[in-house]
>>> print(open('query33.pdb').read())   # PDB, C-alpha atoms and all ligand atoms
MODEL        1
ATOM      1  CA  MET A   1      47.540 198.504  46.559  1.00  0.00           C
ATOM      2  CA  THR A   2      50.097 195.669  46.388  1.00  0.00           C
ATOM      3  CA  GLN A   3      49.765 192.621  48.621  1.00  0.00           C
ATOM      4  CA  GLU A   4      52.768 193.827  50.594  1.00  0.00           C
ATOM      5  CA  GLN A   5      51.106 197.192  51.233  1.00  0.00           C
ATOM      6  CA  ILE A   6      47.919 195.453  52.336  1.00  0.00           C
ATOM      7  CA  ILE A   7      49.884 193.363  54.846  1.00  0.00           C
ATOM      8  CA  THR A   8      51.622 196.480  56.198  1.00  0.00           C
ATOM      9  CA  LYS A   9      48.301 198.305  56.613  1.00  0.00           C
ATOM     10  CA  THR A  10      46.797 195.273  58.306  1.00  0.00           C
ATOM     11  CA  ILE A  11      49.659 195.040  60.798  1.00  0.00           C
ATOM     12  CA  GLN A  12      49.132 198.722  61.708  1.00  0.00           C
ATOM     13  CA  PHE A  13      45.381 198.166  62.109  1.00  0.00           C
ATOM     14  CA  VAL A  14      45.760 195.077  64.306  1.00  0.00           C
ATOM     15  CA  LYS A  15      48.360 196.719  66.561  1.00  0.00           C
ATOM     16  CA  LYS A  16      45.978 199.608  67.155  1.00  0.00           C
ATOM     17  CA  GLU A  17      42.953 197.373  67.782  1.00  0.00           C
ATOM     18  CA  LEU A  18      44.867 195.290  70.328  1.00  0.00           C
ATOM     19  CA  GLN A  19      46.510 198.148  72.240  1.00  0.00           C
ATOM     20  CA  ASP A  20      44.865 197.291  75.569  1.00  0.00           C
ATOM     21  CA  ALA A  21      44.444 193.557  75.100  1.00  0.00           C
ATOM     22  CA  GLU A  22      45.128 190.984  77.815  1.00  0.00           C
ATOM     23  CA  SER A  23      48.711 189.791  77.315  1.00  0.00           C
ATOM     24  CA  GLY A  24      47.766 186.313  76.056  1.00  0.00           C
ATOM     25  CA  HIS A  25      45.684 187.797  73.225  1.00  0.00           C
ATOM     26  CA  ASP A  26      47.723 190.883  72.346  1.00  0.00           C
ATOM     27  CA  TRP A  27      49.826 191.919  69.353  1.00  0.00           C
ATOM     28  CA  PHE A  28      52.673 189.652  70.480  1.00  0.00           C
ATOM     29  CA  HIS A  29      50.277 186.669  70.308  1.00  0.00           C
ATOM     30  CA  ILE A  30      49.273 187.697  66.790  1.00  0.00           C
ATOM     31  CA  ASN A  31      52.884 188.115  65.736  1.00  0.00           C
ATOM     32  CA  ARG A  32      53.814 184.652  67.053  1.00  0.00           C
ATOM     33  CA  VAL A  33      50.840 183.093  65.257  1.00  0.00           C
ATOM     34  CA  TYR A  34      51.747 184.982  62.076  1.00  0.00           C
ATOM     35  CA  LYS A  35      55.303 183.629  62.181  1.00  0.00           C
ATOM     36  CA  ASN A  36      54.149 180.085  63.018  1.00  0.00           C
ATOM     37  CA  ALA A  37      51.697 180.259  60.121  1.00  0.00           C
ATOM     38  CA  LEU A  38      54.402 181.295  57.662  1.00  0.00           C
ATOM     39  CA  THR A  39      56.678 178.479  58.870  1.00  0.00           C
ATOM     40  CA  ILE A  40      53.905 175.916  58.384  1.00  0.00           C
ATOM     41  CA  ALA A  41      52.741 177.448  55.088  1.00  0.00           C
ATOM     42  CA  LYS A  42      56.190 176.945  53.557  1.00  0.00           C
ATOM     43  CA  GLU A  43      55.562 173.208  53.582  1.00  0.00           C
ATOM     44  CA  GLU A  44      52.116 173.451  52.000  1.00  0.00           C
ATOM     45  CA  ASN A  45      50.843 174.414  48.573  1.00  0.00           C
ATOM     46  CA  ILE A  46      48.405 177.152  49.512  1.00  0.00           C
ATOM     47  CA  ASP A  47      47.396 180.804  49.208  1.00  0.00           C
ATOM     48  CA  THR A  48      49.939 182.485  51.504  1.00  0.00           C
ATOM     49  CA  PHE A  49      48.237 185.885  51.256  1.00  0.00           C
ATOM     50  CA  VAL A  50      45.014 184.458  52.734  1.00  0.00           C
ATOM     51  CA  VAL A  51      47.009 182.726  55.493  1.00  0.00           C
ATOM     52  CA  GLN A  52      48.851 185.945  56.373  1.00  0.00           C
ATOM     53  CA  LEU A  53      45.728 188.092  56.580  1.00  0.00           C
ATOM     54  CA  ALA A  54      43.711 185.492  58.481  1.00  0.00           C
ATOM     55  CA  ALA A  55      46.541 185.036  61.005  1.00  0.00           C
ATOM     56  CA  LEU A  56      46.818 188.800  61.504  1.00  0.00           C
ATOM     57  CA  LEU A  57      43.064 189.357  61.862  1.00  0.00           C
ATOM     58  CA  HIS A  58      41.988 186.195  63.744  1.00  0.00           C
ATOM     59  CA  ASP A  59      41.748 187.745  67.233  1.00  0.00           C
ATOM     60  CA  ILE A  60      40.858 191.428  66.699  1.00  0.00           C
ATOM     61  CA  ALA A  61      37.601 190.993  68.606  1.00  0.00           C
ATOM     62  CA  ASP A  62      37.577 187.656  70.470  1.00  0.00           C
ATOM     63  CA  SER A  63      34.084 186.794  71.740  1.00  0.00           C
ATOM     64  CA  LYS A  64      35.594 186.150  75.192  1.00  0.00           C
ATOM     65  CA  PHE A  65      36.219 189.870  75.512  1.00  0.00           C
ATOM     66  CA  ASN A  66      33.034 190.981  73.692  1.00  0.00           C
ATOM     67  CA  ASN A  67      30.206 189.611  75.825  1.00  0.00           C
ATOM     68  CA  GLY A  68      30.262 186.301  73.968  1.00  0.00           C
ATOM     69  CA  ASP A  69      29.406 187.859  70.609  1.00  0.00           C
ATOM     70  CA  GLU A  70      31.051 185.651  67.954  1.00  0.00           C
ATOM     71  CA  ASN A  71      30.174 187.863  65.000  1.00  0.00           C
ATOM     72  CA  ILE A  72      32.023 191.050  65.914  1.00  0.00           C
ATOM     73  CA  GLY A  73      35.493 189.699  65.024  1.00  0.00           C
ATOM     74  CA  PRO A  74      34.671 188.351  61.546  1.00  0.00           C
ATOM     75  CA  GLN A  75      32.533 191.426  60.820  1.00  0.00           C
ATOM     76  CA  LYS A  76      35.279 193.858  61.814  1.00  0.00           C
ATOM     77  CA  ALA A  77      37.786 191.986  59.652  1.00  0.00           C
ATOM     78  CA  LYS A  78      35.378 192.091  56.706  1.00  0.00           C
ATOM     79  CA  LEU A  79      34.811 195.842  56.950  1.00  0.00           C
ATOM     80  CA  PHE A  80      38.529 196.489  57.269  1.00  0.00           C
ATOM     81  CA  LEU A  81      39.454 194.366  54.230  1.00  0.00           C
ATOM     82  CA  GLU A  82      36.691 195.994  52.194  1.00  0.00           C
ATOM     83  CA  SER A  83      38.165 199.388  53.042  1.00  0.00           C
ATOM     84  CA  LEU A  84      41.437 198.208  51.428  1.00  0.00           C
ATOM     85  CA  ASP A  85      39.684 196.969  48.293  1.00  0.00           C
ATOM     86  CA  VAL A  86      40.722 193.351  48.735  1.00  0.00           C
ATOM     87  CA  ASP A  87      38.745 191.200  46.297  1.00  0.00           C
ATOM     88  CA  ALA A  88      35.474 189.692  47.515  1.00  0.00           C
ATOM     89  CA  MET A  89      36.504 186.026  47.206  1.00  0.00           C
ATOM     90  CA  THR A  90      39.628 186.552  49.273  1.00  0.00           C
ATOM     91  CA  ILE A  91      37.693 188.510  51.912  1.00  0.00           C
ATOM     92  CA  ASN A  92      35.056 185.807  52.123  1.00  0.00           C
ATOM     93  CA  HIS A  93      37.682 183.095  52.612  1.00  0.00           C
ATOM     94  CA  ILE A  94      39.450 185.050  55.368  1.00  0.00           C
ATOM     95  CA  VAL A  95      36.188 185.786  57.174  1.00  0.00           C
ATOM     96  CA  GLN A  96      35.231 182.092  57.058  1.00  0.00           C
ATOM     97  CA  ILE A  97      38.589 181.122  58.536  1.00  0.00           C
ATOM     98  CA  ILE A  98      38.252 183.606  61.396  1.00  0.00           C
ATOM     99  CA  ALA A  99      34.688 182.520  62.141  1.00  0.00           C
ATOM    100  CA  ASN A 100      35.459 178.785  62.185  1.00  0.00           C
ATOM    101  CA  MET A 101      38.961 178.178  63.507  1.00  0.00           C
ATOM    102  CA  SER A 102      38.504 178.415  67.286  1.00  0.00           C
ATOM    103  CA  PHE A 103      38.684 175.482  69.677  1.00  0.00           C
ATOM    104  CA  SER A 104      35.309 176.296  71.190  1.00  0.00           C
ATOM    105  CA  LYS A 105      33.680 176.168  67.731  1.00  0.00           C
ATOM    106  CA  SER A 106      34.930 172.604  67.325  1.00  0.00           C
ATOM    107  CA  LEU A 107      33.060 171.554  70.504  1.00  0.00           C
ATOM    108  CA  ASP A 108      29.758 172.187  68.788  1.00  0.00           C
ATOM    109  CA  ASN A 109      29.737 169.016  66.648  1.00  0.00           C
ATOM    110  CA  LYS A 110      28.493 171.065  63.727  1.00  0.00           C
ATOM    111  CA  GLU A 111      29.846 170.865  60.201  1.00  0.00           C
ATOM    112  CA  LEU A 112      32.341 173.758  59.932  1.00  0.00           C
ATOM    113  CA  PHE A 113      33.919 175.556  56.998  1.00  0.00           C
ATOM    114  CA  ASN A 114      37.319 174.063  56.212  1.00  0.00           C
ATOM    115  CA  SER A 115      40.219 174.765  53.859  1.00  0.00           C
ATOM    116  CA  LYS A 116      43.953 174.152  53.675  1.00  0.00           C
ATOM    117  CA  GLU A 117      44.478 177.777  54.629  1.00  0.00           C
ATOM    118  CA  LEU A 118      42.228 177.458  57.694  1.00  0.00           C
ATOM    119  CA  GLN A 119      44.168 174.376  58.767  1.00  0.00           C
ATOM    120  CA  VAL A 120      47.465 176.237  58.657  1.00  0.00           C
ATOM    121  CA  VAL A 121      46.228 179.250  60.674  1.00  0.00           C
ATOM    122  CA  GLN A 122      44.481 176.967  63.160  1.00  0.00           C
ATOM    123  CA  ASP A 123      47.679 174.970  63.715  1.00  0.00           C
ATOM    124  CA  ALA A 124      49.646 178.200  64.147  1.00  0.00           C
ATOM    125  CA  ASP A 125      47.164 179.484  66.761  1.00  0.00           C
ATOM    126  CA  ARG A 126      47.097 176.142  68.570  1.00  0.00           C
ATOM    127  CA  LEU A 127      50.883 176.012  68.784  1.00  0.00           C
ATOM    128  CA  ASP A 128      50.750 179.288  70.699  1.00  0.00           C
ATOM    129  CA  ALA A 129      48.289 177.717  73.163  1.00  0.00           C
ATOM    130  CA  ILE A 130      50.750 174.970  74.183  1.00  0.00           C
ATOM    131  CA  GLY A 131      54.356 174.698  75.387  1.00  0.00           C
ATOM    132  CA  ALA A 132      55.994 177.315  77.615  1.00  0.00           C
ATOM    133  CA  ILE A 133      54.067 180.150  75.988  1.00  0.00           C
ATOM    134  CA  GLY A 134      50.844 178.183  76.317  1.00  0.00           C
ATOM    135  CA  ILE A 135      51.438 177.715  80.058  1.00  0.00           C
ATOM    136  CA  ALA A 136      52.186 181.414  80.504  1.00  0.00           C
ATOM    137  CA  ARG A 137      49.091 182.416  78.524  1.00  0.00           C
ATOM    138  CA  ALA A 138      46.814 180.072  80.444  1.00  0.00           C
ATOM    139  CA  PHE A 139      47.901 181.406  83.842  1.00  0.00           C
ATOM    140  CA  ASN A 140      47.761 184.980  82.617  1.00  0.00           C
ATOM    141  CA  TYR A 141      44.215 184.452  81.375  1.00  0.00           C
ATOM    142  CA  GLY A 142      43.263 182.675  84.615  1.00  0.00           C
ATOM    143  CA  GLY A 143      44.667 185.598  86.627  1.00  0.00           C
ATOM    144  CA  TYR A 144      42.887 188.092  84.425  1.00  0.00           C
ATOM    145  CA  LYS A 145      39.657 186.206  85.193  1.00  0.00           C
ATOM    146  CA  ASN A 146      40.579 185.867  88.866  1.00  0.00           C
ATOM    147  CA  ARG A 147      40.485 182.050  88.697  1.00  0.00           C
ATOM    148  CA  LEU A 148      42.189 179.652  91.084  1.00  0.00           C
ATOM    149  CA  MET A 149      45.434 178.134  89.811  1.00  0.00           C
ATOM    150  CA  TYR A 150      44.482 174.723  91.093  1.00  0.00           C
ATOM    151  CA  ASP A 151      41.982 173.028  93.387  1.00  0.00           C
ATOM    152  CA  PRO A 152      42.379 169.246  93.705  1.00  0.00           C
ATOM    153  CA  LYS A 153      38.672 168.936  94.589  1.00  0.00           C
ATOM    154  CA  ILE A 154      37.487 170.410  91.285  1.00  0.00           C
ATOM    155  CA  LYS A 155      37.950 167.795  88.572  1.00  0.00           C
ATOM    156  CA  PRO A 156      38.395 168.592  84.863  1.00  0.00           C
ATOM    157  CA  ASN A 157      35.321 168.158  82.670  1.00  0.00           C
ATOM    158  CA  LEU A 158      36.187 166.436  79.428  1.00  0.00           C
ATOM    159  CA  ASN A 159      32.765 166.386  77.817  1.00  0.00           C
ATOM    160  CA  GLN A 160      31.707 170.000  77.921  1.00  0.00           C
ATOM    161  CA  SER A 161      29.401 171.591  75.408  1.00  0.00           C
ATOM    162  CA  LYS A 162      30.614 174.785  73.823  1.00  0.00           C
ATOM    163  CA  GLU A 163      28.395 176.845  76.143  1.00  0.00           C
ATOM    164  CA  ALA A 164      29.637 175.100  79.306  1.00  0.00           C
ATOM    165  CA  TYR A 165      33.249 175.447  78.138  1.00  0.00           C
ATOM    166  CA  LYS A 166      32.828 179.156  77.594  1.00  0.00           C
ATOM    167  CA  LYS A 167      31.104 179.714  80.951  1.00  0.00           C
ATOM    168  CA  SER A 168      33.555 177.592  82.943  1.00  0.00           C
ATOM    169  CA  LYS A 169      35.132 179.212  86.010  1.00  0.00           C
ATOM    170  CA  ALA A 170      37.291 176.199  86.757  1.00  0.00           C
ATOM    171  CA  PRO A 171      40.897 176.462  87.980  1.00  0.00           C
ATOM    172  CA  THR A 172      43.544 177.070  85.322  1.00  0.00           C
ATOM    173  CA  ILE A 173      45.147 173.628  85.748  1.00  0.00           C
ATOM    174  CA  ASN A 174      41.842 172.117  84.555  1.00  0.00           C
ATOM    175  CA  HIS A 175      42.209 173.988  81.277  1.00  0.00           C
ATOM    176  CA  PHE A 176      45.226 171.798  80.500  1.00  0.00           C
ATOM    177  CA  TYR A 177      43.000 168.691  80.540  1.00  0.00           C
ATOM    178  CA  GLU A 178      40.005 170.357  78.904  1.00  0.00           C
ATOM    179  CA  LYS A 179      41.974 171.845  76.029  1.00  0.00           C
ATOM    180  CA  LEU A 180      45.748 172.261  76.022  1.00  0.00           C
ATOM    181  CA  LEU A 181      46.762 168.585  76.288  1.00  0.00           C
ATOM    182  CA  LEU A 182      44.229 167.631  73.582  1.00  0.00           C
ATOM    183  CA  LEU A 183      45.701 169.872  70.928  1.00  0.00           C
ATOM    184  CA  LYS A 184      48.676 167.797  69.790  1.00  0.00           C
ATOM    185  CA  ASP A 185      46.362 165.095  68.421  1.00  0.00           C
ATOM    186  CA  ARG A 186      44.244 167.656  66.620  1.00  0.00           C
ATOM    187  CA  MET A 187      46.956 169.289  64.550  1.00  0.00           C
ATOM    188  CA  ASN A 188      46.198 169.384  60.823  1.00  0.00           C
ATOM    189  CA  THR A 189      49.616 169.671  59.181  1.00  0.00           C
ATOM    190  CA  LYS A 190      52.829 167.661  59.312  1.00  0.00           C
ATOM    191  CA  THR A 191      54.919 170.626  60.475  1.00  0.00           C
ATOM    192  CA  GLY A 192      52.262 171.557  63.032  1.00  0.00           C
ATOM    193  CA  LYS A 193      52.276 168.027  64.476  1.00  0.00           C
ATOM    194  CA  LYS A 194      56.044 167.981  64.766  1.00  0.00           C
ATOM    195  CA  LEU A 195      56.225 171.329  66.561  1.00  0.00           C
ATOM    196  CA  ALA A 196      53.282 170.408  68.799  1.00  0.00           C
ATOM    197  CA  ASN A 197      54.945 167.230  70.076  1.00  0.00           C
ATOM    198  CA  GLU A 198      57.876 169.056  71.607  1.00  0.00           C
ATOM    199  CA  ARG A 199      55.642 171.649  73.245  1.00  0.00           C
ATOM    200  CA  HIS A 200      53.322 168.938  74.542  1.00  0.00           C
ATOM    201  CA  GLN A 201      56.180 167.145  76.303  1.00  0.00           C
ATOM    202  CA  PHE A 202      57.154 170.382  77.988  1.00  0.00           C
ATOM    203  CA  MET A 203      53.614 170.787  79.398  1.00  0.00           C
ATOM    204  CA  GLU A 204      53.647 167.201  80.692  1.00  0.00           C
ATOM    205  CA  ALA A 205      56.939 167.884  82.478  1.00  0.00           C
ATOM    206  CA  PHE A 206      55.529 171.126  83.903  1.00  0.00           C
ATOM    207  CA  LEU A 207      52.467 169.354  85.321  1.00  0.00           C
ATOM    208  CA  THR A 208      54.570 166.595  86.886  1.00  0.00           C
ATOM    209  CA  GLN A 209      56.733 169.180  88.627  1.00  0.00           C
ATOM    210  CA  PHE A 210      53.687 171.260  89.621  1.00  0.00           C
ATOM    211  CA  TYR A 211      52.056 168.319  91.465  1.00  0.00           C
ATOM    212  CA  LYS A 212      55.377 167.326  93.012  1.00  0.00           C
ATOM    213  CA  GLU A 213      55.763 170.776  94.548  1.00  0.00           C
ATOM    214  CA  TRP A 214      52.073 171.033  95.489  1.00  0.00           C
ATOM    215  CA  ASN A 215      52.217 167.701  97.325  1.00  0.00           C
ATOM    216  CA  ALA A 216      55.633 168.185  98.938  1.00  0.00           C
ATOM    217  CA  GLU A 217      55.664 167.104 102.584  1.00  0.00           C
TER     218      GLU A 217
HETATM  219  P1  LIG A 301      39.564 179.712  71.204  1.00  0.00           P
HETATM  220  O1  LIG A 301      39.831 181.199  71.309  1.00  0.00           O
HETATM  221  O2  LIG A 301      40.392 179.005  70.165  1.00  0.00           O
HETATM  222  O3  LIG A 301      38.115 179.323  71.206  1.00  0.00           O
HETATM  223  P2  LIG A 301      39.992 179.510  73.977  1.00  0.00           P
HETATM  224  O4  LIG A 301      38.743 180.271  74.182  1.00  0.00           O
HETATM  225  O5  LIG A 301      40.140 178.260  74.780  1.00  0.00           O
HETATM  226  O6  LIG A 301      40.162 179.093  72.485  1.00  0.00           O
HETATM  227  O7  LIG A 301      41.141 180.536  74.325  1.00  0.00           O
HETATM  228  C1  LIG A 301      42.421 180.752  73.773  1.00  0.00           C
HETATM  229  C2  LIG A 301      43.469 180.852  74.861  1.00  0.00           C
HETATM  230  O8  LIG A 301      42.998 181.588  76.004  1.00  0.00           O
HETATM  231  C3  LIG A 301      43.845 179.505  75.449  1.00  0.00           C
HETATM  232  O9  LIG A 301      44.767 178.828  74.686  1.00  0.00           O
HETATM  233  C4  LIG A 301      44.361 179.876  76.816  1.00  0.00           C
HETATM  234  O10 LIG A 301      45.663 180.361  76.757  1.00  0.00           O
HETATM  235  C5  LIG A 301      43.424 180.979  77.201  1.00  0.00           C
HETATM  236  N1  LIG A 301      42.269 180.428  77.934  1.00  0.00           N
HETATM  237  C6  LIG A 301      41.010 180.301  77.505  1.00  0.00           C
HETATM  238  N2  LIG A 301      40.208 179.744  78.439  1.00  0.00           N
HETATM  239  C7  LIG A 301      41.000 179.528  79.504  1.00  0.00           C
HETATM  240  C8  LIG A 301      40.796 178.987  80.814  1.00  0.00           C
HETATM  241  N3  LIG A 301      39.602 178.538  81.221  1.00  0.00           N
HETATM  242  N4  LIG A 301      41.847 178.914  81.645  1.00  0.00           N
HETATM  243  C9  LIG A 301      43.053 179.367  81.259  1.00  0.00           C
HETATM  244  N5  LIG A 301      43.318 179.871  80.054  1.00  0.00           N
HETATM  245  C10 LIG A 301      42.314 179.961  79.182  1.00  0.00           C
HETATM  246 NI    NI A 302      44.603 183.380  68.752  1.00  0.00          NI
ENDMDL
END
>>> encode(input="query33.pdb", output="structure tokens")
Amino acid sequence: MTQEQIITKTIQFVKKELQDAESGHDWFHINRVYKNALTIAKEENIDTFVVQLAALLHDIADSKFNNGDENIGPQKAKLFLESLDVDAMTINHIVQIIANMSFSKSLDNKELFNSKELQVVQDADRLDAIGAIGIARAFNYGGYKNRLMYDPKIKPNLNQSKEAYKKSKAPTINHFYEKLLLLKDRMNTKTGKKLANERHQFMEAFLTQFYKEWNAE
């Protein structure tokens, strides 16, 4: 199979796997991350094939929707790529990226797998967590989980362990302070940083307006 055929097969597989996904983690999310990743990859000297496959497969079984199990996603990706006869080194790299790129993983203070390719996919995924799309995704996820939008009495928690972060039932506005507003300073690539800055400013403006309306007399 050519690389192009492998990509086509992977797109079909991911679309099917994500048929009933919550709208912040559905095929459209994957497609946006895929496009972001290709934009960023253009500026870097890296293995584009690995970036493409990792972007496409990074959320096929998010632990959030699988009883907290962090191994299902990487394992599913591995089995799928093996079924297409992708070579073992490439599969291993992609699986490592998927297993190590998430924000919650980074809260663990453990040494994580890293590569240029991981950095590109991670930036692409993080861009989709901020800006107008990021705001929409956060409130969609909060609604899906039946969370409050905002409660001035519940303060954000900036020093959460990975476990506390994952268990949190805090209002969606808190998620901006616990994750979304932190992302711009954690971008890995030059292009990622540039794109993140604009999206960050938009979130700041949104929050200012949100409090203004909330506190209107
Ligand atoms: P990762 O999947 O990288 O570990 P998250 O678990 O924080 O990162 O989830 C990815 C996306 O899901 C976020 O960018 C956000 O849109 C949404 N999300 C996750 N947790 C929350 C939350 N507590 N409130 C609102 N949105 C959330
Ligand atoms: Ni994602």
>>> resolve_selection(input="query33.pdb", expression="the PyMOL selection byres (((chain A and resi 14) around 12) and not hetatm)", output="PyMOL selection string")
chain A and resi 7-13+15-21+25-31+34+53-61+73+76-77+80-81
>>> atom_distance(input="query33.pdb", atom1="atom C4 of ligand LIG 301 (chain A)", atom2="CA of Gln201 (chain A)")
17.4 Å
>>> residues_near_ligand(input="query33.pdb", ligand="ligand LIG 301 (chain A)", cutoff="8 Å", atoms="only C-alpha atoms and all ligand atoms", output="ChimeraX atom specification")
/A:24-25,59,62,64,101-105,125-126,128-130,134-142,147,165-166,168-176,179-180
>>> atom_distance(input="query33.pdb", atom1="CA of Gln5 (chain A)", atom2="CA of Asp47 (chain A)")
16.9 Å
>>> resolve_selection(input="query33.pdb", expression="the PyMOL selection byres (((chain A and resi 203-206) around 8) and not hetatm)", output="list in words")
Ile130, Gly131, Ala132, Ile135, Leu181, Arg199, His200, Gln201, Phe202, Leu207, Thr208, Gln209 and Phe210 of chain A
>>> closest_residue(input="query33.pdb", among="A:Asn92, A:Asn215, A:Asn146, A:Ser115", to="Asn45 (chain A)", atoms="only C-alpha atoms")
A:Ser115
>>> atom_distance(input="query33.pdb", atom1="CA of Phe65 (chain A)", atom2="CA of Leu183 (chain A)")
22.6 Å
>>> closest_residue(input="query33.pdb", among="A:Leu118, A:Met1, A:Leu112, A:Ala88", to="Ala41 (chain A)", atoms="only C-alpha atoms")
A:Leu118
>>> closest_residue(input="query33.pdb", among="A:Asn36, A:Asn109, A:Ser161, A:Ser83", to="Thr189 (chain A)", atoms="all atoms listed in the file")
A:Asn36
>>> axis_aligned_box(input="query33.pdb", around="region 139-158 of chain A", padding_each_side="5 Å", output="JSON")
{"center_x": 41.6, "center_y": 177.3, "center_z": 87.0, "size_x": 22.6, "size_y": 31.7, "size_z": 25.2}
>>> closest_residue(input="query33.pdb", among="A:Asn100, A:Tyr177, A:Ala124, A:Ile133", to="ligand NI 302 (chain A)", atoms="only C-alpha atoms and all ligand atoms")
A:Ala124
>>> closest_residue(input="query33.pdb", among="A:Ile72, A:Leu107, A:Met187, A:Ile6", to="Leu84 (chain A)", atoms="only C-alpha atoms")
A:Ile6
